[in-house]
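Shown below: input-v2.csv, with CSV, C-alpha atoms and all ligand atoms.
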chain,number,residue,atom,x,y,z
A,1230,MET,CA,0.0,0.0,0.0
A,1231,VAL,CA,1.3,3.4,-0.9
A,1232,TYR,CA,0.1,6.9,0.1
A,1233,LEU,CA,0.2,9.9,-2.3
A,1234,THR,CA,-0.6,13.5,-1.2
A,1235,ARG,CA,-1.4,16.6,-3.2
A,1236,LEU,CA,-1.5,20.1,-1.7
A,1237,GLU,CA,-4.1,22.5,-3.0
A,1238,HIS,CA,-5.0,26.0,-1.9
A,1239,PHE,CA,-8.0,28.3,-1.6
A,1240,ASN,CA,-9.1,31.6,0.0
A,1241,ALA,CA,-12.5,32.0,1.5
A,1242,ALA,CA,-14.5,34.1,3.9
A,1243,HIS,CA,-16.7,32.9,6.7
A,1244,LYS,CA,-18.0,33.5,10.2
A,1245,LEU,CA,-18.8,31.1,13.0
A,1246,PHE,CA,-22.4,32.0,13.9
A,1247,ASN,CA,-25.2,29.7,15.1
A,1248,PRO,CA,-28.5,31.3,13.9
A,1249,ASN,CA,-30.4,29.6,16.7
A,1250,TRP,CA,-28.4,31.5,19.3
A,1251,SER,CA,-28.5,35.1,20.4
A,1252,ARG,CA,-25.8,37.6,19.2
A,1253,GLU,CA,-24.5,37.5,22.8
A,1254,GLN,CA,-24.2,33.7,22.9
A,1255,ASN,CA,-22.5,33.7,19.5
A,1256,ASP,CA,-20.0,36.3,20.7
A,1257,ALA,CA,-19.4,34.4,24.0
A,1258,VAL,CA,-18.7,31.1,22.2
A,1259,PHE,CA,-17.0,32.2,19.0
A,1260,GLY,CA,-15.5,35.6,20.0
A,1261,VAL,CA,-14.0,37.5,17.0
A,1262,CYS,CA,-14.8,34.6,14.7
A,1263,ALA,CA,-18.5,35.5,15.0
A,1264,ASN,CA,-17.8,39.0,13.5
A,1265,GLU,CA,-20.9,39.9,11.6
A,1266,ASN,CA,-19.0,41.2,8.6
A,1267,TRP,CA,-16.9,38.0,8.1
A,1268,HIS,CA,-13.2,37.2,8.2
A,1269,GLY,CA,-11.0,35.3,5.8
A,1270,HIS,CA,-8.5,32.5,5.6
A,1271,ASN,CA,-5.9,31.2,3.2
A,1272,PHE,CA,-6.7,27.4,3.4
A,1273,ASP,CA,-4.2,24.7,2.6
A,1274,LEU,CA,-5.8,21.4,1.6
A,1275,TYR,CA,-3.8,18.2,1.7
A,1276,ILE,CA,-5.5,15.3,-0.1
A,1277,THR,CA,-4.1,11.9,0.5
A,1278,ILE,CA,-5.1,8.8,-1.5
A,1279,LYS,CA,-3.9,5.2,-1.1
A,1280,GLY,CA,-3.6,2.0,-3.1
A,1281,GLU,CA,-1.2,-0.1,-5.1
A,1282,VAL,CA,1.4,1.2,-7.6
A,1283,ASP,CA,0.6,0.4,-11.3
A,1284,PRO,CA,3.8,-1.4,-12.5
A,1285,GLU,CA,3.5,0.1,-16.0
A,1286,THR,CA,3.4,3.8,-14.9
A,1287,GLY,CA,5.0,3.6,-11.5
A,1288,PHE,CA,2.0,5.7,-10.3
A,1289,LEU,CA,-0.7,5.2,-7.7
A,1290,MET,CA,-2.5,7.8,-9.8
A,1291,ASP,CA,-1.3,10.6,-12.0
A,1292,VAL,CA,-1.2,13.4,-9.5
A,1293,LYS,CA,-2.0,16.0,-12.2
A,1294,LYS,CA,-5.3,14.2,-12.8
A,1295,LEU,CA,-5.9,14.1,-9.0
A,1296,SER,CA,-5.3,17.9,-8.9
A,1297,LYS,CA,-7.7,18.5,-11.8
A,1298,LEU,CA,-10.4,16.5,-10.1
A,1299,VAL,CA,-9.9,18.3,-6.8
A,1300,GLN,CA,-10.1,21.7,-8.7
A,1301,GLU,CA,-13.2,20.6,-10.4
A,1302,LYS,CA,-15.1,19.0,-7.6
A,1303,VAL,CA,-13.9,21.1,-4.6
A,1304,ILE,CA,-11.7,24.2,-5.2
A,1305,ARG,CA,-14.1,25.7,-7.8
A,1306,LYS,CA,-16.8,25.7,-5.2
A,1307,LEU,CA,-14.7,27.2,-2.4
A,1308,ASP,CA,-12.1,29.6,-3.8
A,1309,HIS,CA,-12.8,33.3,-3.3
A,1310,LYS,CA,-16.3,32.3,-1.9
A,1311,ASN,CA,-18.2,33.1,1.3
A,1312,LEU,CA,-18.5,29.7,3.0
A,1313,ASN,CA,-21.7,30.6,4.8
A,1314,LEU,CA,-23.5,31.9,1.7
A,1315,ASP,CA,-22.1,30.5,-1.5
A,1316,VAL,CA,-21.3,26.8,-0.8
A,1317,ASP,CA,-24.1,24.3,-1.5
A,1318,PHE,CA,-22.5,21.5,0.6
A,1319,LEU,CA,-22.2,23.7,3.7
A,1320,LYS,CA,-25.8,24.9,3.6
A,1321,ASP,CA,-27.4,24.7,7.1
A,1322,LYS,CA,-24.1,23.6,8.6
A,1323,MET,CA,-21.7,25.5,10.9
A,1324,CYS,CA,-18.7,26.7,8.8
A,1325,SER,CA,-16.0,25.2,11.0
A,1326,THR,CA,-12.8,23.6,9.7
A,1327,GLU,CA,-14.2,20.2,10.9
A,1328,ASN,CA,-17.4,20.5,8.8
A,1329,LEU,CA,-15.5,21.9,5.8
A,1330,ALA,CA,-13.0,18.9,5.9
A,1331,ILE,CA,-15.9,16.4,6.1
A,1332,GLY,CA,-17.7,18.2,3.2
A,1333,ILE,CA,-14.6,18.2,1.0
A,1334,TRP,CA,-14.3,14.4,1.6
A,1335,GLU,CA,-17.9,13.9,0.6
A,1336,GLN,CA,-17.5,16.0,-2.6
A,1337,LEU,CA,-14.4,14.2,-3.7
A,1338,GLU,CA,-14.6,10.6,-2.6
A,1339,PRO,CA,-17.3,9.4,-5.1
A,1340,HIS,CA,-15.3,10.7,-8.1
A,1341,LEU,CA,-12.0,9.0,-7.5
A,1342,PRO,CA,-11.0,6.2,-9.9
A,1343,ALA,CA,-11.8,2.6,-8.7
A,1344,GLN,CA,-8.1,1.7,-8.1
A,1345,VAL,CA,-7.5,4.3,-5.4
A,1346,LYS,CA,-9.1,5.1,-2.0
A,1347,LEU,CA,-9.3,8.4,-0.3
A,1348,HIS,CA,-7.2,8.2,2.9
A,1349,CYS,CA,-7.2,11.6,4.5
A,1350,ILE,CA,-8.4,15.2,4.1
A,1351,LYS,CA,-6.1,17.5,6.0
A,1352,LEU,CA,-7.2,21.1,6.0
A,1353,TYR,CA,-5.2,24.0,7.5
A,1354,GLU,CA,-7.4,27.0,8.4
A,1355,THR,CA,-4.4,28.9,9.7
A,1356,ARG,CA,-0.7,27.9,10.1
A,1357,ARG,CA,-1.6,26.7,13.6
A,1358,ILE,CA,-5.0,25.1,13.2
A,1359,TYR,CA,-5.8,22.1,11.1
A,1360,VAL,CA,-8.2,19.2,10.9
A,1361,GLU,CA,-7.6,15.7,9.6
A,1362,TYR,CA,-10.6,13.6,8.4
A,1363,PHE,CA,-10.2,9.9,7.6
A,1364,GLY,CA,-13.9,9.2,6.6
A,1365,THR,CA,-16.6,7.6,8.7
B,1,LIG,N1,-12.6,23.5,16.6
B,1,LIG,C1,-12.5,24.6,15.9
B,1,LIG,N2,-12.2,25.8,16.6
B,1,LIG,C2,-12.1,26.9,15.9
B,1,LIG,C3,-12.3,27.0,14.5
B,1,LIG,C4,-12.7,25.8,13.8
B,1,LIG,O1,-12.9,25.8,12.6
B,1,LIG,N3,-12.7,24.6,14.6
B,1,LIG,N4,-12.2,28.2,13.9
B,1,LIG,C5,-11.9,29.3,14.5
B,1,LIG,C6,-11.9,30.6,13.7
B,1,LIG,O2,-12.4,30.5,12.4
B,1,LIG,C7,-10.6,31.5,13.7
B,1,LIG,O3,-10.7,32.4,12.7
B,1,LIG,C8,-9.3,30.9,13.8
B,1,LIG,O4,-8.3,31.8,13.5
B,1,LIG,P1,-7.3,32.5,14.4
B,1,LIG,O5,-7.8,32.9,15.7
B,1,LIG,O6,-6.7,33.6,13.6
B,1,LIG,O7,-6.2,31.3,14.6
B,1,LIG,P2,-4.7,31.2,15.1
B,1,LIG,O8,-4.8,30.7,16.5
B,1,LIG,O9,-4.0,30.5,14.1
B,1,LIG,O10,-4.2,32.7,15.1
B,1,LIG,P3,-3.8,33.7,16.3
B,1,LIG,O11,-2.9,34.7,15.5
B,1,LIG,O12,-3.0,32.9,17.2
B,1,LIG,O13,-5.0,34.3,16.8
B,1,LIG,C9,-11.6,29.3,15.9
B,1,LIG,N5,-11.8,28.1,16.6

Could you write out this structure as structure tokens?
Ligand SMILES: Nc1nc2c(c(=O)[nH]1)N=C([C@H](O)[C@H](O)COP(=O)(O)OP(=O)(O)OP(=O)(O)O)CN2
Amino acid sequence: MVYLTRLEHFNAAHKLFNPNWSREQNDAVFGVCANENWHGHNFDLYITIKGEVDPETGFLMDVKKLSKLVQEKVIRKLDHKNLNLDVDFLKDKMCSTENLAIGIWEQLEPHLPAQVKLHCIKLYETRRIYVEYFGT
């Protein structure tokens, strides 16, 4: 079994805000991240797939094709977007890094070629904050 990782990148705005709570409760729980007028992040997204090496190519999968797929199925929906307002797969969800990582997995996993499995979505919200998701 071999593991292959591709790094992608996107910028997006969001706020952490639970619409079922009062302004005060949101401020108390999320602090500046609940700022009504949004804040932004430069996200780094590490996509790790696993499987066996094809002896004819030496590849698990052509990483350029993986990148194209991630761009098409994930980055296009997120880059330069407002995560609370613009992203169909986050509708009615809290825009945390955890939910974003899970959503990215769900967008990508069904489209991978049969010979590879998705191993991990690792998503950096800031240099110091990241989430790893390994599926259900
Ligand atoms: N479990 C989670 N906790 C927090 C999340 C999250 O997605 N999951 N997100 C946030 C905020 O979005 C926040 O914007 C984090 O950024 P920041 O405070 O800038 O983070 P850093 O600690 O890296 O930066 P400092 O410069 O140290 O403030 C909060 N919590």

Find the nearest atom pair between each residue of chain A and ligand LIG 1 (chain B) for residues within 8 Å, count only C-alpha atoms and all ligand atoms, give distances in Å to one decimal, sort rows by chain and ascending number, and present the table as a Markdown table.
| residue | atom | partner | partner_atom | distance |
| --- | --- | --- | --- | --- |
| A:His1243 | CA | B:LIG1 | O2 | 7.5 |
| A:Lys1244 | CA | B:LIG1 | O2 | 6.7 |
| A:Leu1245 | CA | B:LIG1 | O2 | 6.5 |
| A:Phe1259 | CA | B:LIG1 | C9 | 6.9 |
| A:Val1261 | CA | B:LIG1 | O3 | 7.4 |
| A:Cys1262 | CA | B:LIG1 | C6 | 5.0 |
| A:His1268 | CA | B:LIG1 | O3 | 7.0 |
| A:Gly1269 | CA | B:LIG1 | O3 | 7.5 |
| A:His1270 | CA | B:LIG1 | O3 | 7.4 |
| A:Cys1324 | CA | B:LIG1 | O1 | 7.0 |
| A:Ser1325 | CA | B:LIG1 | O1 | 3.5 |
| A:Thr1326 | CA | B:LIG1 | O1 | 3.6 |
| A:Glu1327 | CA | B:LIG1 | N3 | 5.9 |
| A:Asn1328 | CA | B:LIG1 | O1 | 7.9 |
| A:Glu1354 | CA | B:LIG1 | C8 | 6.9 |
| A:Thr1355 | CA | B:LIG1 | O9 | 4.7 |
| A:Arg1356 | CA | B:LIG1 | O9 | 5.8 |
| A:Arg1357 | CA | B:LIG1 | O9 | 4.5 |
| A:Ile1358 | CA | B:LIG1 | O9 | 5.6 |
| A:Val1360 | CA | B:LIG1 | N3 | 7.9 |

Identify, on the basis of all atoms listed in the file, every residue whose closest approach to Leu1274 in chain A does not exceed 7 Å; exclude the query and any residue fewer than 2 positions from it along the same chain; express the result as a tab-separated table (two decimals) with C-alpha atoms, keeping the file's coordinate frame.
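Output saved as selection20.tsv:
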chain	number	residue	atom	x	y	z
A	1236	LEU	CA	-1.50	20.10	-1.70
A	1237	GLU	CA	-4.10	22.50	-3.00
A	1238	HIS	CA	-5.00	26.00	-1.90
A	1272	PHE	CA	-6.70	27.40	3.40
A	1276	ILE	CA	-5.50	15.30	-0.10
A	1351	LYS	CA	-6.10	17.50	6.00
A	1352	LEU	CA	-7.20	21.10	6.00
A	1353	TYR	CA	-5.20	24.00	7.50

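Straight-line separation from CA of Leu1312 in chain A to CA of Ala1242 in chain A: 6.0 Å.
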
Next item on the list: Pick out the closest residue to Ile1331 in chain A from this set: A:Asn1271, A:Thr1365, A:Asn1311, A:Gln1300. Count all atoms listed in the file.
Entry: A:Thr1365

Margin query: At a cut-off of 9 Å, using only C-alpha atoms, what residues contact Thr1234 in chain A? Leave out same-chain residues fewer than 6 positions from it and give the result as a ChimeraX atom specification.
Written below: /A:1275-1279,1292,1349

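Here the question is which of A:Glu1361, A:Arg1305, A:Asp1291, A:Lys1310 gets nearest to Trp1267 in chain A using all atoms listed in the file, and that residue is A:Lys1310.
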
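Residues within 10 Å of Ile1333 in chain A, counting only C-alpha atoms and excluding same-chain residues fewer than 3 positions away, are A:Leu1274, A:Ile1276, A:Val1299, A:Lys1302, A:Val1303, A:Ile1304, A:Lys1306, A:Leu1307, A:Phe1318, A:Leu1319, A:Asn1328, A:Leu1329, A:Ala1330, A:Gln1336, A:Leu1337, A:Glu1338, A:Ile1350, A:Lys1351, A:Leu1352, A:Tyr1362.
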
Item checked: Two-atom distance - CA of Asn1249 in chain A, CA of Asp1315 in chain A (Å) -> 20.0 Å

Item checked: Selection: 12 Å around Val1282 in chain A, all atoms listed in the file, excl. self and same-chain fewer than 3 positions, as a list in words -> Met1230, Val1231, Tyr1232, Leu1233, Ile1278, Lys1279, Glu1285, Thr1286, Gly1287, Phe1288, Leu1289, Met1290, Asp1291, Gln1344 and Val1345 of chain A

Check: Which one is closest to Leu1295 in chain A: A:Gly1364, A:Leu1347, A:Leu1314, A:Phe1239? Count only C-alpha atoms.
Finding: A:Leu1347

Next item on the list: Could you tell me how far CA of Asn1240 in chain A lies from CA of Pro1342 in chain A, in Å and to one decimal?
Entry: 27.3 Å

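Proximity of A:Asp1273, A:Phe1246, A:Lys1294, A:Ala1241 to Met1323 in chain A, computed with only C-alpha atoms, is greatest for A:Phe1246.
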